[in-house]
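Novice: This one is model_15.cif, mmCIF, N, CA and C atoms.
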```
data_final
#
loop_
_atom_site.label_atom_id
_atom_site.label_comp_id
_atom_site.auth_asym_id
_atom_site.auth_seq_id
_atom_site.Cartn_x
_atom_site.Cartn_y
_atom_site.Cartn_z
N MET N 1 174.39 174.89 15.16
CA MET N 1 174.71 173.68 15.87
C MET N 1 176.24 173.55 15.92
N ASN N 2 176.75 173.32 17.13
CA ASN N 2 178.20 173.18 17.23
C ASN N 2 178.63 171.76 16.85
N ALA N 3 179.91 171.55 16.76
CA ALA N 3 180.44 170.27 16.30
C ALA N 3 180.04 169.12 17.21
N LEU N 4 180.04 169.35 18.52
CA LEU N 4 179.67 168.30 19.47
C LEU N 4 178.21 167.89 19.26
N GLN N 5 177.33 168.86 19.12
CA GLN N 5 175.92 168.54 18.89
C GLN N 5 175.74 167.78 17.58
N ALA N 6 176.44 168.19 16.54
CA ALA N 6 176.35 167.50 15.25
C ALA N 6 176.82 166.06 15.38
N TYR N 7 177.92 165.85 16.09
CA TYR N 7 178.43 164.50 16.31
C TYR N 7 177.42 163.66 17.09
N GLN N 8 176.86 164.24 18.16
CA GLN N 8 175.88 163.50 18.96
C GLN N 8 174.66 163.12 18.14
N GLN N 9 174.21 164.02 17.27
CA GLN N 9 173.05 163.74 16.43
C GLN N 9 173.35 162.59 15.46
N VAL N 10 174.50 162.63 14.82
CA VAL N 10 174.89 161.56 13.89
C VAL N 10 175.05 160.25 14.65
N ASN N 11 175.70 160.30 15.80
CA ASN N 11 175.91 159.11 16.62
C ASN N 11 174.56 158.51 17.02
N THR N 12 173.61 159.34 17.43
CA THR N 12 172.29 158.87 17.82
C THR N 12 171.57 158.24 16.63
N GLN N 13 171.62 158.91 15.49
CA GLN N 13 170.95 158.37 14.30
C GLN N 13 171.55 157.04 13.90
N THR N 14 172.86 156.90 13.98
CA THR N 14 173.52 155.65 13.64
C THR N 14 173.11 154.56 14.62
N SER N 15 173.05 154.89 15.90
CA SER N 15 172.65 153.91 16.92
C SER N 15 171.24 153.40 16.65
N ILE N 16 170.34 154.29 16.29
CA ILE N 16 168.96 153.91 16.03
C ILE N 16 168.87 153.04 14.78
N THR N 17 169.58 153.42 13.74
CA THR N 17 169.55 152.67 12.49
C THR N 17 170.07 151.25 12.68
N ASP N 18 171.10 151.09 13.49
CA ASP N 18 171.74 149.79 13.69
C ASP N 18 171.12 148.97 14.81
N ALA N 19 170.13 149.49 15.50
CA ALA N 19 169.61 148.86 16.71
C ALA N 19 168.57 147.78 16.41
N ASP N 20 168.63 146.71 17.20
CA ASP N 20 167.57 145.71 17.19
C ASP N 20 166.46 146.22 18.12
N PRO N 21 165.29 145.56 18.11
CA PRO N 21 164.18 146.06 18.96
C PRO N 21 164.54 146.19 20.44
N HIS N 22 165.34 145.28 20.96
CA HIS N 22 165.74 145.36 22.36
C HIS N 22 166.57 146.63 22.60
N LYS N 23 167.51 146.88 21.70
CA LYS N 23 168.38 148.05 21.82
C LYS N 23 167.57 149.34 21.70
N LEU N 24 166.54 149.34 20.85
CA LEU N 24 165.70 150.55 20.72
C LEU N 24 165.05 150.91 22.04
N ILE N 25 164.57 149.92 22.78
CA ILE N 25 163.98 150.20 24.09
C ILE N 25 165.04 150.76 25.03
N GLN N 26 166.25 150.21 24.98
CA GLN N 26 167.35 150.74 25.80
C GLN N 26 167.61 152.20 25.45
N LEU N 27 167.62 152.52 24.17
CA LEU N 27 167.86 153.91 23.74
C LEU N 27 166.75 154.83 24.23
N LEU N 28 165.51 154.35 24.20
CA LEU N 28 164.40 155.17 24.71
C LEU N 28 164.55 155.42 26.21
N LEU N 29 164.91 154.38 26.95
CA LEU N 29 165.11 154.55 28.39
C LEU N 29 166.25 155.53 28.67
N ASP N 30 167.35 155.39 27.92
CA ASP N 30 168.46 156.33 28.07
C ASP N 30 168.02 157.75 27.75
N GLY N 31 167.25 157.91 26.69
CA GLY N 31 166.77 159.24 26.30
C GLY N 31 165.89 159.87 27.35
N ALA N 32 165.02 159.07 27.96
CA ALA N 32 164.15 159.59 29.01
C ALA N 32 164.97 160.03 30.22
N LEU N 33 165.94 159.21 30.60
CA LEU N 33 166.80 159.56 31.75
C LEU N 33 167.60 160.84 31.46
N GLU N 34 168.11 160.94 30.26
CA GLU N 34 168.88 162.13 29.89
C GLU N 34 168.02 163.39 29.95
N ARG N 35 166.81 163.30 29.46
CA ARG N 35 165.92 164.46 29.46
C ARG N 35 165.49 164.86 30.87
N ILE N 36 165.31 163.86 31.74
CA ILE N 36 164.99 164.19 33.14
C ILE N 36 166.14 164.96 33.77
N ASN N 37 167.37 164.50 33.55
CA ASN N 37 168.52 165.21 34.11
C ASN N 37 168.62 166.63 33.55
N MET N 38 168.36 166.77 32.26
CA MET N 38 168.40 168.10 31.65
C MET N 38 167.28 168.98 32.23
N ALA N 39 166.11 168.40 32.48
CA ALA N 39 164.99 169.16 33.05
C ALA N 39 165.34 169.63 34.46
N LYS N 40 166.02 168.79 35.23
CA LYS N 40 166.45 169.22 36.57
C LYS N 40 167.39 170.42 36.47
N ASN N 41 168.29 170.38 35.52
CA ASN N 41 169.20 171.52 35.32
C ASN N 41 168.43 172.77 34.92
N ARG N 42 167.40 172.60 34.10
CA ARG N 42 166.60 173.76 33.66
C ARG N 42 165.82 174.34 34.84
N ILE N 43 165.34 173.50 35.75
CA ILE N 43 164.66 174.00 36.95
C ILE N 43 165.63 174.83 37.78
N GLN N 44 166.83 174.29 37.99
CA GLN N 44 167.83 175.01 38.79
C GLN N 44 168.24 176.32 38.14
N ALA N 45 168.20 176.37 36.81
CA ALA N 45 168.55 177.60 36.09
C ALA N 45 167.35 178.53 35.93
N LYS N 46 166.20 178.11 36.48
CA LYS N 46 164.95 178.87 36.38
C LYS N 46 164.51 179.08 34.92
N ASP N 47 164.86 178.13 34.07
CA ASP N 47 164.40 178.11 32.67
C ASP N 47 163.20 177.18 32.62
N TYR N 48 162.05 177.71 32.99
CA TYR N 48 160.86 176.88 33.13
C TYR N 48 160.28 176.45 31.79
N ALA N 49 160.45 177.24 30.77
CA ALA N 49 160.00 176.83 29.43
C ALA N 49 160.83 175.65 28.95
N GLY N 50 162.15 175.72 29.13
CA GLY N 50 163.03 174.62 28.75
C GLY N 50 162.70 173.36 29.53
N LYS N 51 162.44 173.52 30.82
CA LYS N 51 162.06 172.39 31.68
C LYS N 51 160.79 171.75 31.17
N GLY N 52 159.81 172.57 30.84
CA GLY N 52 158.54 172.05 30.35
C GLY N 52 158.70 171.27 29.05
N ASN N 53 159.53 171.78 28.16
CA ASN N 53 159.79 171.11 26.90
C ASN N 53 160.45 169.74 27.13
N LEU N 54 161.43 169.70 28.01
CA LEU N 54 162.14 168.45 28.29
C LEU N 54 161.25 167.43 28.99
N ILE N 55 160.43 167.88 29.92
CA ILE N 55 159.52 166.96 30.59
C ILE N 55 158.47 166.46 29.59
N GLY N 56 158.03 167.33 28.69
CA GLY N 56 157.10 166.90 27.65
C GLY N 56 157.70 165.82 26.77
N LYS N 57 158.97 165.98 26.41
CA LYS N 57 159.65 164.96 25.59
C LYS N 57 159.80 163.65 26.37
N THR N 58 160.07 163.77 27.66
CA THR N 58 160.18 162.57 28.49
C THR N 58 158.84 161.84 28.53
N MET N 59 157.76 162.59 28.65
CA MET N 59 156.43 161.99 28.67
C MET N 59 156.13 161.30 27.33
N GLU N 60 156.57 161.90 26.23
CA GLU N 60 156.38 161.27 24.92
C GLU N 60 157.14 159.94 24.85
N ILE N 61 158.35 159.93 25.37
CA ILE N 61 159.15 158.70 25.36
C ILE N 61 158.45 157.63 26.19
N ILE N 62 158.00 157.99 27.37
CA ILE N 62 157.32 157.01 28.23
C ILE N 62 156.02 156.55 27.56
N GLY N 63 155.33 157.46 26.90
CA GLY N 63 154.15 157.06 26.14
C GLY N 63 154.50 156.06 25.04
N GLY N 64 155.65 156.26 24.40
CA GLY N 64 156.12 155.31 23.39
C GLY N 64 156.45 153.96 23.99
N LEU N 65 157.08 153.97 25.15
CA LEU N 65 157.38 152.71 25.84
C LEU N 65 156.08 151.99 26.21
N ARG N 66 155.14 152.77 26.67
CA ARG N 66 153.84 152.22 27.05
C ARG N 66 153.13 151.62 25.84
N GLY N 67 153.20 152.32 24.72
CA GLY N 67 152.56 151.85 23.51
C GLY N 67 153.22 150.60 22.92
N ALA N 68 154.48 150.37 23.27
CA ALA N 68 155.20 149.21 22.74
C ALA N 68 154.95 147.94 23.56
N LEU N 69 154.23 148.06 24.66
CA LEU N 69 153.97 146.88 25.49
C LEU N 69 153.14 145.86 24.72
N ASP N 70 153.50 144.61 24.85
CA ASP N 70 152.79 143.51 24.21
C ASP N 70 152.04 142.75 25.30
N PHE N 71 150.75 143.03 25.41
CA PHE N 71 149.96 142.43 26.48
C PHE N 71 149.71 140.94 26.23
N GLU N 72 149.71 140.52 24.98
CA GLU N 72 149.51 139.10 24.66
C GLU N 72 150.69 138.28 25.14
N GLN N 73 151.91 138.74 24.83
CA GLN N 73 153.12 138.01 25.23
C GLN N 73 153.53 138.35 26.66
N GLY N 74 153.27 139.60 27.09
CA GLY N 74 153.78 140.07 28.37
C GLY N 74 152.91 139.82 29.56
N GLY N 75 151.63 139.57 29.33
CA GLY N 75 150.71 139.25 30.41
C GLY N 75 150.75 140.22 31.58
N GLU N 76 150.93 139.67 32.77
CA GLU N 76 150.92 140.45 34.01
C GLU N 76 152.06 141.46 34.05
N LEU N 77 153.22 141.08 33.52
CA LEU N 77 154.36 142.00 33.51
C LEU N 77 154.03 143.24 32.69
N ALA N 78 153.43 143.05 31.52
CA ALA N 78 153.06 144.19 30.67
C ALA N 78 152.03 145.07 31.38
N ALA N 79 151.08 144.45 32.07
CA ALA N 79 150.07 145.22 32.80
C ALA N 79 150.72 146.02 33.93
N ASN N 80 151.68 145.41 34.63
CA ASN N 80 152.37 146.12 35.70
C ASN N 80 153.20 147.28 35.16
N LEU N 81 153.87 147.05 34.02
CA LEU N 81 154.65 148.13 33.41
C LEU N 81 153.74 149.26 32.95
N GLU N 82 152.58 148.91 32.41
CA GLU N 82 151.65 149.96 31.98
C GLU N 82 151.23 150.83 33.17
N ALA N 83 150.94 150.20 34.28
CA ALA N 83 150.57 150.95 35.49
C ALA N 83 151.74 151.82 35.96
N LEU N 84 152.94 151.29 35.89
CA LEU N 84 154.12 152.06 36.30
C LEU N 84 154.36 153.24 35.36
N TYR N 85 154.23 153.01 34.06
CA TYR N 85 154.38 154.10 33.10
C TYR N 85 153.32 155.18 33.32
N ASP N 86 152.09 154.75 33.64
CA ASP N 86 151.03 155.71 33.94
C ASP N 86 151.41 156.55 35.16
N TYR N 87 151.92 155.89 36.19
CA TYR N 87 152.36 156.59 37.40
C TYR N 87 153.47 157.60 37.07
N MET N 88 154.41 157.17 36.23
CA MET N 88 155.52 158.05 35.85
C MET N 88 155.01 159.27 35.08
N GLU N 89 154.10 159.06 34.16
CA GLU N 89 153.57 160.18 33.38
C GLU N 89 152.88 161.19 34.30
N ARG N 90 152.08 160.68 35.24
CA ARG N 90 151.42 161.59 36.19
C ARG N 90 152.44 162.28 37.09
N GLY N 91 153.48 161.55 37.50
CA GLY N 91 154.54 162.13 38.32
C GLY N 91 155.32 163.21 37.58
N LEU N 92 155.55 162.99 36.30
CA LEU N 92 156.25 164.01 35.50
C LEU N 92 155.41 165.27 35.37
N LEU N 93 154.13 165.09 35.19
CA LEU N 93 153.24 166.26 35.12
C LEU N 93 153.27 167.02 36.43
N GLU N 94 153.20 166.31 37.52
CA GLU N 94 153.27 166.93 38.85
C GLU N 94 154.60 167.65 39.05
N ALA N 95 155.69 167.00 38.67
CA ALA N 95 157.02 167.60 38.80
C ALA N 95 157.13 168.87 37.98
N SER N 96 156.53 168.86 36.81
CA SER N 96 156.58 170.03 35.94
C SER N 96 155.81 171.19 36.55
N VAL N 97 154.62 170.91 37.05
CA VAL N 97 153.78 171.96 37.64
C VAL N 97 154.44 172.56 38.88
N ARG N 98 155.07 171.71 39.68
CA ARG N 98 155.64 172.16 40.97
C ARG N 98 157.14 172.44 40.91
N ASN N 99 157.77 172.24 39.74
CA ASN N 99 159.23 172.37 39.62
C ASN N 99 159.91 171.52 40.70
N ASP N 100 159.46 170.28 40.79
CA ASP N 100 159.85 169.37 41.86
C ASP N 100 160.99 168.44 41.41
N VAL N 101 162.21 168.80 41.80
CA VAL N 101 163.39 168.02 41.44
C VAL N 101 163.35 166.64 42.10
N GLU N 102 162.84 166.57 43.33
CA GLU N 102 162.77 165.28 44.03
C GLU N 102 161.86 164.30 43.30
N LYS N 103 160.76 164.79 42.75
CA LYS N 103 159.85 163.93 42.00
C LYS N 103 160.54 163.44 40.72
N LEU N 104 161.31 164.33 40.08
CA LEU N 104 162.06 163.91 38.90
C LEU N 104 163.08 162.84 39.27
N ASP N 105 163.72 162.96 40.44
CA ASP N 105 164.66 161.95 40.90
C ASP N 105 163.95 160.60 41.12
N GLU N 106 162.74 160.65 41.66
CA GLU N 106 161.96 159.43 41.88
C GLU N 106 161.67 158.74 40.55
N ILE N 107 161.21 159.51 39.57
CA ILE N 107 160.89 158.94 38.26
C ILE N 107 162.16 158.39 37.60
N ALA N 108 163.26 159.12 37.71
CA ALA N 108 164.52 158.64 37.15
C ALA N 108 164.94 157.32 37.80
N GLY N 109 164.74 157.20 39.10
CA GLY N 109 165.06 155.95 39.80
C GLY N 109 164.23 154.78 39.29
N LEU N 110 162.95 155.02 39.04
CA LEU N 110 162.09 153.98 38.49
C LEU N 110 162.55 153.58 37.09
N LEU N 111 162.89 154.58 36.28
CA LEU N 111 163.38 154.28 34.92
C LEU N 111 164.69 153.50 34.95
N ARG N 112 165.58 153.85 35.89
CA ARG N 112 166.85 153.13 36.00
C ARG N 112 166.61 151.66 36.39
N THR N 113 165.64 151.43 37.26
CA THR N 113 165.31 150.06 37.66
C THR N 113 164.80 149.26 36.46
N ILE N 114 163.92 149.87 35.67
CA ILE N 114 163.42 149.20 34.47
C ILE N 114 164.57 148.94 33.50
N LYS N 115 165.43 149.94 33.34
CA LYS N 115 166.56 149.82 32.41
C LYS N 115 167.49 148.68 32.83
N GLU N 116 167.78 148.58 34.12
CA GLU N 116 168.64 147.51 34.61
C GLU N 116 168.02 146.14 34.34
N GLY N 117 166.73 146.02 34.58
CA GLY N 117 166.04 144.76 34.30
C GLY N 117 166.05 144.44 32.82
N TRP N 118 165.82 145.46 32.00
CA TRP N 118 165.80 145.27 30.55
C TRP N 118 167.18 144.83 30.05
N GLU N 119 168.22 145.46 30.57
CA GLU N 119 169.58 145.09 30.17
C GLU N 119 169.89 143.66 30.60
N GLY N 120 169.32 143.23 31.72
CA GLY N 120 169.57 141.89 32.23
C GLY N 120 168.96 140.78 31.40
N ILE N 121 167.98 141.11 30.56
CA ILE N 121 167.33 140.08 29.75
C ILE N 121 167.70 140.20 28.27
N ARG N 122 168.74 140.94 27.95
CA ARG N 122 169.10 141.19 26.55
C ARG N 122 169.24 139.91 25.73
N GLU N 123 170.04 138.99 26.20
CA GLU N 123 170.30 137.77 25.43
C GLU N 123 169.00 137.00 25.19
N GLU N 124 168.21 136.85 26.23
CA GLU N 124 166.93 136.14 26.12
C GLU N 124 165.99 136.85 25.14
N ALA N 125 165.93 138.18 25.22
CA ALA N 125 165.05 138.94 24.34
C ALA N 125 165.48 138.86 22.89
N VAL N 126 166.77 138.96 22.63
CA VAL N 126 167.28 138.90 21.26
C VAL N 126 167.01 137.51 20.67
N ASP N 127 167.22 136.44 21.47
CA ASP N 127 166.93 135.09 21.00
C ASP N 127 165.44 134.95 20.66
N PHE N 128 164.58 135.47 21.52
CA PHE N 128 163.14 135.41 21.27
C PHE N 128 162.78 136.13 19.98
N LEU N 129 163.33 137.31 19.77
CA LEU N 129 163.03 138.08 18.56
C LEU N 129 163.51 137.36 17.30
N ARG N 130 164.68 136.74 17.39
CA ARG N 130 165.19 135.98 16.24
C ARG N 130 164.26 134.82 15.89
N GLN N 131 163.83 134.09 16.90
CA GLN N 131 162.93 132.95 16.69
C GLN N 131 161.60 133.42 16.13
N ARG N 132 161.10 134.51 16.66
CA ARG N 132 159.81 135.04 16.20
C ARG N 132 159.90 135.47 14.74
N ASP N 133 160.97 136.16 14.38
CA ASP N 133 161.13 136.67 13.03
C ASP N 133 161.43 135.54 12.03
N ALA N 134 162.04 134.44 12.50
CA ALA N 134 162.40 133.35 11.61
C ALA N 134 161.20 132.45 11.31
N GLY N 135 160.24 132.44 12.24
CA GLY N 135 159.21 131.45 12.08
C GLY N 135 157.87 131.94 11.94
#
```
Could you express the structure from this file as structure tokens?

Specialist:
Amino acid sequence: MNALQAYQQVNTQTSITDADPHKLIQLLLDGALERINMAKNRIQAKDYAGKGNLIGKTMEIIGGLRGALDFEQGGELAANLEALYDYMERGLLEASVRNDVEKLDEIAGLLRTIKEGWEGIREEAVDFLRQRDAG
């Protein structure tokens, strides 16, 4: 492992350790987007094993996001996100089978939209979590 990789690993571990639940979701979204970009590069380099590994990791992240949904508190929004995550997982599988960079771009666009929305509610989400944990 080179020095840059070691630094990135320590930086990531520190971010996770210091993160509140809202920030953890942001980190997962960032990780999924990063892996999609890396998978696109692997397709262009004709490294199909590497692409498959990265898309698999992206699917695991999306599965984690899906598993974190709170249907009791989230209601219709949680149900809509679950359907979107399901669509993304199927799209990633299709992209992997077909080496489809455009499909990866579509999934990345959906993830960016979710990420932007999630970032927009940070203050509200952190306040909710504080109240929930206090009471």

Novice: To test your reading of the syntax: which residues would the PyMOL selection byres (((chain N and resi 37 and name CA) around 12) and name CA) return for the file shown? Reply as a ChimeraX atom specification.

Specialist: /N:30-36,38-44,51,54-55,58,101-109

Novice: Taking only N, CA and C atoms into account, name the residue in N:Tyr48, N:Trp118, N:Tyr87, N:Phe71 that is nearest to N:Ile25.

Specialist: N:Trp118

Novice: Evaluated on this file, the PyMOL selection byres ((chain N and resi 89) around 8) picks out some residues - which ones are they, written as a compact mmCIF listing (two decimals) with N, CA and C atoms, in the coordinates of the input?

Specialist:
```txt
# COMPACT_ATOMS: atom_id res chain seq x y z
N THR N 58 160.07 163.77 27.66
CA THR N 58 160.18 162.57 28.49
C THR N 58 158.84 161.84 28.53
N MET N 59 157.76 162.59 28.65
CA MET N 59 156.43 161.99 28.67
C MET N 59 156.13 161.30 27.33
N GLU N 60 156.57 161.90 26.23
CA GLU N 60 156.38 161.27 24.92
C GLU N 60 157.14 159.94 24.85
N ILE N 62 158.00 157.99 27.37
CA ILE N 62 157.32 157.01 28.23
C ILE N 62 156.02 156.55 27.56
N GLY N 63 155.33 157.46 26.90
CA GLY N 63 154.15 157.06 26.14
C GLY N 63 154.50 156.06 25.04
N ALA N 83 150.94 150.20 34.28
CA ALA N 83 150.57 150.95 35.49
C ALA N 83 151.74 151.82 35.96
N LEU N 84 152.94 151.29 35.89
CA LEU N 84 154.12 152.06 36.30
C LEU N 84 154.36 153.24 35.36
N TYR N 85 154.23 153.01 34.06
CA TYR N 85 154.38 154.10 33.10
C TYR N 85 153.32 155.18 33.32
N ASP N 86 152.09 154.75 33.64
CA ASP N 86 151.03 155.71 33.94
C ASP N 86 151.41 156.55 35.16
N TYR N 87 151.92 155.89 36.19
CA TYR N 87 152.36 156.59 37.40
C TYR N 87 153.47 157.60 37.07
N MET N 88 154.41 157.17 36.23
CA MET N 88 155.52 158.05 35.85
C MET N 88 155.01 159.27 35.08
N ARG N 90 152.08 160.68 35.24
CA ARG N 90 151.42 161.59 36.19
C ARG N 90 152.44 162.28 37.09
N GLY N 91 153.48 161.55 37.50
CA GLY N 91 154.54 162.13 38.32
C GLY N 91 155.32 163.21 37.58
N LEU N 92 155.55 162.99 36.30
CA LEU N 92 156.25 164.01 35.50
C LEU N 92 155.41 165.27 35.37
N LEU N 93 154.13 165.09 35.19
CA LEU N 93 153.24 166.26 35.12
C LEU N 93 153.27 167.02 36.43
N GLU N 94 153.20 166.31 37.52
CA GLU N 94 153.27 166.93 38.85
C GLU N 94 154.60 167.65 39.05
N ALA N 95 155.69 167.00 38.67
CA ALA N 95 157.02 167.60 38.80
C ALA N 95 157.13 168.87 37.98
N ILE N 107 161.21 159.51 39.57
CA ILE N 107 160.89 158.94 38.26
C ILE N 107 162.16 158.39 37.60
```

Novice: How many Å lie between atom C of N:Gly52 and atom CA of N:Gly117, rounded to one decimal?

Specialist: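 Taking atom C of N:Gly52 and atom CA of N:Gly117, their separation equals 28.0 Å.
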
Novice: Just how far from atom CA of N:Asp127 is atom CA of N:Gly67, in Å to one decimal?

Specialist: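 Separation between atom CA of N:Gly67 and atom CA of N:Asp127: 22.2 Å.
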
Novice: Quote the spacing between atom C of N:Asp70 and atom CA of N:Leu28 in Å to one decimal place.

Specialist: 17.5 Å

Novice: Rank nothing, just name the residue among N:His22, N:Lys57, N:Arg98, N:Lys46 nearest to N:Arg122, using all atoms listed in the file.

Specialist: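 Smallest distance to N:Arg122 is found for N:His22.
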
Novice: Report as lines of an AutoDock Vina configuration file the centre and the edge lengths, in Å to one decimal, of the axis-aligned box holding every listed atom of stretch 37-47 of chain N, padded by 8 Å on each side.

Specialist:
```
center_x = 166.2
center_y = 171.8
center_z = 35.2
size_x = 22.0
size_y = 30.6
size_z = 23.1
```
